[in-house]
Amino acid sequence: MKIVGLVGAVIGTKTLTAMERTLTMLENEYPQHEVTLIDISEYKVAYSDGRHYQEYTGDTLYITETLMAADALIVGTPTFQASIPGALKNIFDLLPIDALKHKTVGIIVTAGTQKHFLMVEQQLKPILSYMKANLLPSYVFLEEADYQNKAIINLAVLNRLDEMGHQLVQTAEEKV
């Protein structure tokens, strides 16, 4: 099974920290599965202009093909201005409408405060549902207080990241 972790921002480290923690656990606990990290800050991605995703080249084609080939996906995103980053929305725009059909999708969200939890419910989940993702029932939300010196210090959050990872694999294995 192919699992992809998508970090949907071009700046910041908190979302990447949470994603790396989750993907490392998956690699250790499920070595039979292929785990890939796509941190879009490391790639040069074209802006969506309406073309079919296979008509793009370079990093854009690599990212879209990797996402399309995944059996399971973890979308990690910070909250900017009470919204998903434009870079993440661009990734979604590059993909076909049913790109996430039959894919199990987990969500990791980072934000400055708890007040931004509605972004997931009002923006991210509707986009993923529109793309026909099989969303896990709960997501992991991290705020500023959960970090110290760029490390996650909240044990409850660490446990939720692990639990979400296990649930992602179990749900996706039922579909494969």
# chains A, B, ... in the order shown; residues from 1 in each chain; ligands from 1
>>> closest_atom_pairs(of="range 5-99 of chain A", to="range 150-153 of chain A", cutoff="10 Å", atoms="only C-alpha atoms", output="tab-separated table")
residue	atom	partner	partner_atom	distance
A:Thr13	CA	A:Lys150	CA	7.4
A:Lys14	CA	A:Lys150	CA	6.8
A:Thr17	CA	A:Ala151	CA	7.1
A:Ala18	CA	A:Ile152	CA	7.4
A:Arg21	CA	A:Ile152	CA	9.1
>>> write_last_selection(atoms="C-alpha atoms", output="short mmCIF file (atom, residue, chain, number, x, y, z; two decimals), in the first residue's frame")
data_model
loop_
_atom_site.label_atom_id
_atom_site.label_comp_id
_atom_site.auth_asym_id
_atom_site.auth_seq_id
_atom_site.Cartn_x
_atom_site.Cartn_y
_atom_site.Cartn_z
CA THR A 13 7.94 24.04 10.23
CA LYS A 14 5.18 23.04 12.64
CA THR A 17 7.20 18.41 12.31
CA ALA A 18 3.81 16.79 12.97
CA ARG A 21 6.44 12.32 13.37
#
>>> select_by_dssp(residues="chain A", states="alpha helix (DSSP H)", output="ChimeraX atom specification")
/A:14-29,58-69,86-94,118-119,125-130,155-175
>>> write_last_selection(atoms="C-alpha atoms", output="CSV table (one decimal), in the first residue's frame")
chain,number,residue,atom,x,y,z
A,14,LYS,CA,5.2,23.0,12.6
A,15,THR,CA,3.1,21.1,10.1
A,16,LEU,CA,6.2,19.4,8.8
A,17,THR,CA,7.2,18.4,12.3
A,18,ALA,CA,3.8,16.8,13.0
A,19,MET,CA,3.8,15.1,9.6
A,20,GLU,CA,7.3,13.7,9.9
A,21,ARG,CA,6.4,12.3,13.4
A,22,THR,CA,3.4,10.5,11.9
A,23,LEU,CA,5.2,9.2,8.8
A,24,THR,CA,8.1,7.9,10.9
A,25,MET,CA,5.7,6.0,13.1
A,26,LEU,CA,4.0,4.5,10.0
A,27,GLU,CA,7.4,3.5,8.5
A,28,ASN,CA,8.4,1.8,11.8
A,29,GLU,CA,5.0,0.1,12.5
A,58,GLY,CA,8.7,18.3,-13.5
A,59,ASP,CA,7.8,18.7,-9.9
A,60,THR,CA,4.2,19.4,-10.6
A,61,LEU,CA,3.8,16.1,-12.5
A,62,TYR,CA,5.7,14.2,-9.8
A,63,ILE,CA,3.4,15.6,-7.1
A,64,THR,CA,0.2,15.0,-8.9
A,65,GLU,CA,1.1,11.5,-10.1
A,66,THR,CA,2.3,10.5,-6.6
A,67,LEU,CA,-1.0,11.7,-5.1
A,68,MET,CA,-3.0,9.9,-7.7
A,69,ALA,CA,-1.1,6.7,-7.1
A,86,GLY,CA,-3.0,29.1,-1.4
A,87,ALA,CA,-0.3,26.6,-2.2
A,88,LEU,CA,-2.4,23.7,-0.9
A,89,LYS,CA,-5.4,24.9,-2.8
A,90,ASN,CA,-3.3,25.0,-5.9
A,91,ILE,CA,-2.4,21.3,-5.4
A,92,PHE,CA,-6.1,20.5,-5.2
A,93,ASP,CA,-6.8,22.5,-8.3
A,94,LEU,CA,-4.2,20.6,-10.2
A,118,LEU,CA,-13.4,25.8,12.0
A,119,MET,CA,-11.2,26.1,9.0
A,125,LYS,CA,-13.2,18.8,4.7
A,126,PRO,CA,-15.6,20.2,2.0
A,127,ILE,CA,-12.8,20.3,-0.6
A,128,LEU,CA,-11.7,16.7,0.3
A,129,SER,CA,-15.3,15.5,0.2
A,130,TYR,CA,-15.9,17.1,-3.1
A,155,LEU,CA,1.7,13.9,24.9
A,156,ALA,CA,-2.0,13.8,24.1
A,157,VAL,CA,-1.3,15.3,20.7
A,158,LEU,CA,1.5,12.8,20.0
A,159,ASN,CA,-0.9,10.0,20.9
A,160,ARG,CA,-3.6,11.4,18.6
A,161,LEU,CA,-1.1,11.6,15.7
A,162,ASP,CA,-0.2,7.9,16.3
A,163,GLU,CA,-3.9,6.9,16.6
A,164,MET,CA,-4.7,8.7,13.4
A,165,GLY,CA,-1.9,7.0,11.6
A,166,HIS,CA,-3.0,3.6,12.8
A,167,GLN,CA,-6.6,4.3,11.8
A,168,LEU,CA,-5.5,5.5,8.4
A,169,VAL,CA,-3.7,2.2,7.7
A,170,GLN,CA,-6.5,0.0,9.1
A,171,THR,CA,-9.2,1.9,7.1
A,172,ALA,CA,-7.2,1.9,3.9
A,173,GLU,CA,-6.3,-1.8,4.2
A,174,GLU,CA,-10.0,-2.6,4.3
A,175,LYS,CA,-10.4,-0.8,1.0
>>> residues_around(residues="Met131 in chain A", least_positions_apart="5", cutoff="9 Å", atoms="only C-alpha atoms", output="VMD selection string")
chain A and resid 92 95 to 101 126
>>> closest_residue(among="A:His116, A:His33, A:His52, A:Lys103", to="Thr77 in chain A", atoms="only C-alpha atoms")
A:His116
>>> residues_around(residues="Ala145 in chain A", least_positions_apart="2", cutoff="10 Å", atoms="only C-alpha atoms", output="list of chain:residue names")
A:Ala111, A:Gly112, A:Thr113, A:Gln114, A:Leu142, A:Glu143, A:Tyr147, A:Gln148, A:Ile152, A:Ile153, A:Asn154
>>> closest_residue(among="A:Ser83, A:Asn149, A:Met1, A:Glu121", to="Tyr30 in chain A", atoms="only C-alpha atoms")
A:Met1
>>> atom_distance(atom1="CA of Phe117 in chain A", atom2="CA of Phe141 in chain A")
7.3 Å
>>> residues_around(residues="Lys2 in chain A", least_positions_apart="4", cutoff="8 Å", atoms="only C-alpha atoms", output="list in words")
His33, Glu34, Val35, Thr36, Ala69, Ala70, Asp71 and Ala72 of chain A
